[in-house]
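S.K.: Let me give you the structure first, and then I'll get to my questions.
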Amino acid sequence: MIYLLGSILLTSYLTLSFKYCERHGVSIFQAIVFNYITCVITGSIVNGAFPIDGNTIQTPWFRWACLMGLMFISIFNVVGLTAQKMSVAVASVANKLSLIIPVVLSVYLYQESVTGWKLVGVVLALLAVALTCYPEKQGGGSDQKPVQKWAYFLPVILFFGSGLLDALINHVQQTYVTDENYNAYLISGFFSAATIGTCILLFQYATKQLKFAWKHLVAGVLIGIPNYFSIWCLVRFLKNSPWESSASFPVNNMGIVLFSSVVAWLLFKERLSKINWLGVALSLLAIYLIAFGNKS
């Protein structure tokens, strides 16, 4: 359970850290790129050396790690764009409701069962996420910006992208990851994201679209170290979980939604409506049913 707790706490920290970035004028994209560079350095220290060499490239999981890196940086930016063009609530709902995708694929690919109380728990989990992230009604003043039609595709892209990323991590850890290579796998994924992000960032520096400042680098470091260990804990949890992955993902995601919502309420004084608190309560019930509902 220590790995589950680590995944929940560290992932929640990442979500909350972006609030601080916004408040202090930190460029989210620059922080994301520096975060992935930090992840590579952190992982190499944990591993004892930078693990990518000619032999690593020949392994069957390396191409999956590269795909994971591409999805990492793409989804991070879709989250930001969705929050800007739609709302933070819409981004949160689309991101967290995606837990249904790895659940469905686990049933299809690994013949796992989602029946009885466990099925009720998964359905409640979806409802709980929507209620927890449900925004309070805002006044319909003239200062509200109209949403462009193309922006409505962003939550859809985020939903499928985030869900497929979780499914990819689950598939690789079930098929290829061992105690000997999981650090190398994680570092390869982060190295792919760092390489792609650095190329884009250097181009934006060269064309003066962005300007470097130390606060962006510091933010990236403060995000990157916990980010590496959040994925490290998630892979470890999936490997050692007492439940099938069709239960592990909802429990992990519900824990993140529950913890980050309560912390945001305490630290940032974000108001939680009665509907939001109902979602928090349903999260607890959903976690219990998914984890223990079918035990005799």
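Chain identifiers are assigned as A, B, and so on, following the order in which chains appear in the structure tokens; residues are numbered from 1 within each chain, and ligands are numbered from 1 in order of appearance.
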For stretch 227-232 of chain A, please output as a count of residues only all residues within 9 Å (counting only C-alpha atoms; exclusion window: fewer than 3 positions along the same chain).

M.R.: 27

S.K.: So which one's closest to A:Thr175, A:Trp64, A:Ser188, A:Ser74, A:Lys118? Using only C-alpha atoms, please.

M.R.: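 Closest to A:Thr175 of all the choices is A:Trp64.
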
S.K.: Could you state the separation of atom CA of A:Phe34 and atom CA of A:Phe76 in Å, given to one decimal place?

M.R.: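 Interatomic distance, atom CA of A:Phe34 to atom CA of A:Phe76: 13.0 Å.
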
S.K.: Provide the atom CA of A:Phe159 to atom CA of A:Thr15 distance in Å, to one decimal place.

M.R.: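 That distance, rounded to one decimal, is 16.7 Å.
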
S.K.: Which is closer to A:Val46 than all the others in A:Lys211, A:Ser261, A:Ser283, A:Ala184, using only C-alpha atoms?

M.R.: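 Of the candidates, the smallest distance to A:Val46 is held by A:Ala184.
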
S.K.: Using only C-alpha atoms, which residues sit within 8 Å of A:Ala193 once same-chain residues fewer than 4 positions away are excluded, as JSON, numbers by chain?

M.R.: {"A": [33, 36, 66, 68, 69, 70, 71, 72, 73, 189, 197]}

S.K.: A:Leu99, A:Ala49, A:Leu4, A:Ala65: which is nearest A:Phe191, counting only C-alpha atoms?

M.R.: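 Among the listed residues, A:Ala65 lies closest to A:Phe191.
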
S.K.: Write out, as a tab-separated table, each residue of stretch 143-238 of chain A that has an atom at most 12 Å from stretch 18-31 of chain A, together with the closest pair of atoms and their distance in Å to one decimal, counting only C-alpha atoms, rows going by chain and rising number.

M.R.:
residue	atom	partner	partner_atom	distance
A:Ala194	CA	A:Gln30	CA	11.0
A:Gly197	CA	A:Phe29	CA	8.5
A:Thr198	CA	A:Gln30	CA	9.0
A:Cys199	CA	A:Gln30	CA	11.7
A:Ile200	CA	A:Phe29	CA	9.9
A:Leu201	CA	A:Gln30	CA	7.1
A:Leu202	CA	A:Gln30	CA	10.2
A:Gln204	CA	A:Gln30	CA	10.2
A:Tyr205	CA	A:Gln30	CA	10.4
A:Gln209	CA	A:Gln30	CA	11.6
A:Leu210	CA	A:Gln30	CA	8.6
A:Lys211	CA	A:Gln30	CA	9.3
A:Phe212	CA	A:Gln30	CA	8.2
A:Ala213	CA	A:Val26	CA	8.9
A:Trp214	CA	A:Val26	CA	9.7
A:Lys215	CA	A:Val26	CA	6.7
A:His216	CA	A:Ala31	CA	5.2
A:Leu217	CA	A:Ala31	CA	6.2
A:Val218	CA	A:Ala31	CA	8.0
A:Ala219	CA	A:Ala31	CA	5.7
A:Gly220	CA	A:Ala31	CA	4.2
A:Val221	CA	A:Ala31	CA	8.0
A:Leu222	CA	A:Ala31	CA	9.2
A:Ile223	CA	A:Ala31	CA	7.8
A:Gly224	CA	A:Ala31	CA	8.8

S.K.: Now that the selection is made, can you save its residues with C-alpha atoms as a short mmCIF file (atom, residue, chain, number, x, y, z; two decimals), in the first residue's frame?

M.R.:
data_model
loop_
_atom_site.label_atom_id
_atom_site.label_comp_id
_atom_site.auth_asym_id
_atom_site.auth_seq_id
_atom_site.Cartn_x
_atom_site.Cartn_y
_atom_site.Cartn_z
CA ALA A 194 12.66 15.66 -22.52
CA GLY A 197 10.26 19.17 -25.35
CA THR A 198 13.82 20.53 -25.50
CA CYS A 199 13.75 20.69 -29.31
CA ILE A 200 10.49 22.65 -29.23
CA LEU A 201 11.72 24.88 -26.42
CA LEU A 202 15.01 25.73 -28.17
CA GLN A 204 10.83 28.95 -29.28
CA TYR A 205 13.87 30.55 -27.63
CA GLN A 209 8.45 33.23 -28.65
CA LEU A 210 9.62 32.43 -25.12
CA LYS A 211 12.26 33.91 -22.85
CA PHE A 212 14.28 31.96 -20.30
CA ALA A 213 14.04 32.86 -16.61
CA TRP A 214 15.46 31.00 -13.64
CA LYS A 215 12.05 30.67 -11.99
CA HIS A 216 10.91 28.40 -14.83
CA LEU A 217 13.92 26.15 -14.29
CA VAL A 218 13.46 26.06 -10.51
CA ALA A 219 9.78 25.20 -10.95
CA GLY A 220 10.71 22.40 -13.34
CA VAL A 221 13.13 20.92 -10.81
CA LEU A 222 10.57 21.12 -7.99
CA ILE A 223 8.02 19.39 -10.20
CA GLY A 224 10.40 16.91 -11.84
#

S.K.: One number please: atom CA of A:Pro250 to atom CA of A:Ala281, in Å, one decimal.

M.R.: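 Distance reported for this atom pair: 14.9 Å.
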
S.K.: Which residues are close to A:Gln174, i.e. within 12 Å by only C-alpha atoms, leaving aside same-chain residues fewer than 6 positions away? Reply as a list in words.

M.R.: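 Residues meeting the cut-off are Trp61, Ser106, Leu109, Tyr110, Ala167, Leu168, Tyr182, Val235, Arg236, Phe237, Leu238, Lys239, Asn240, Ser241, Glu244 and Ser245 of chain A.
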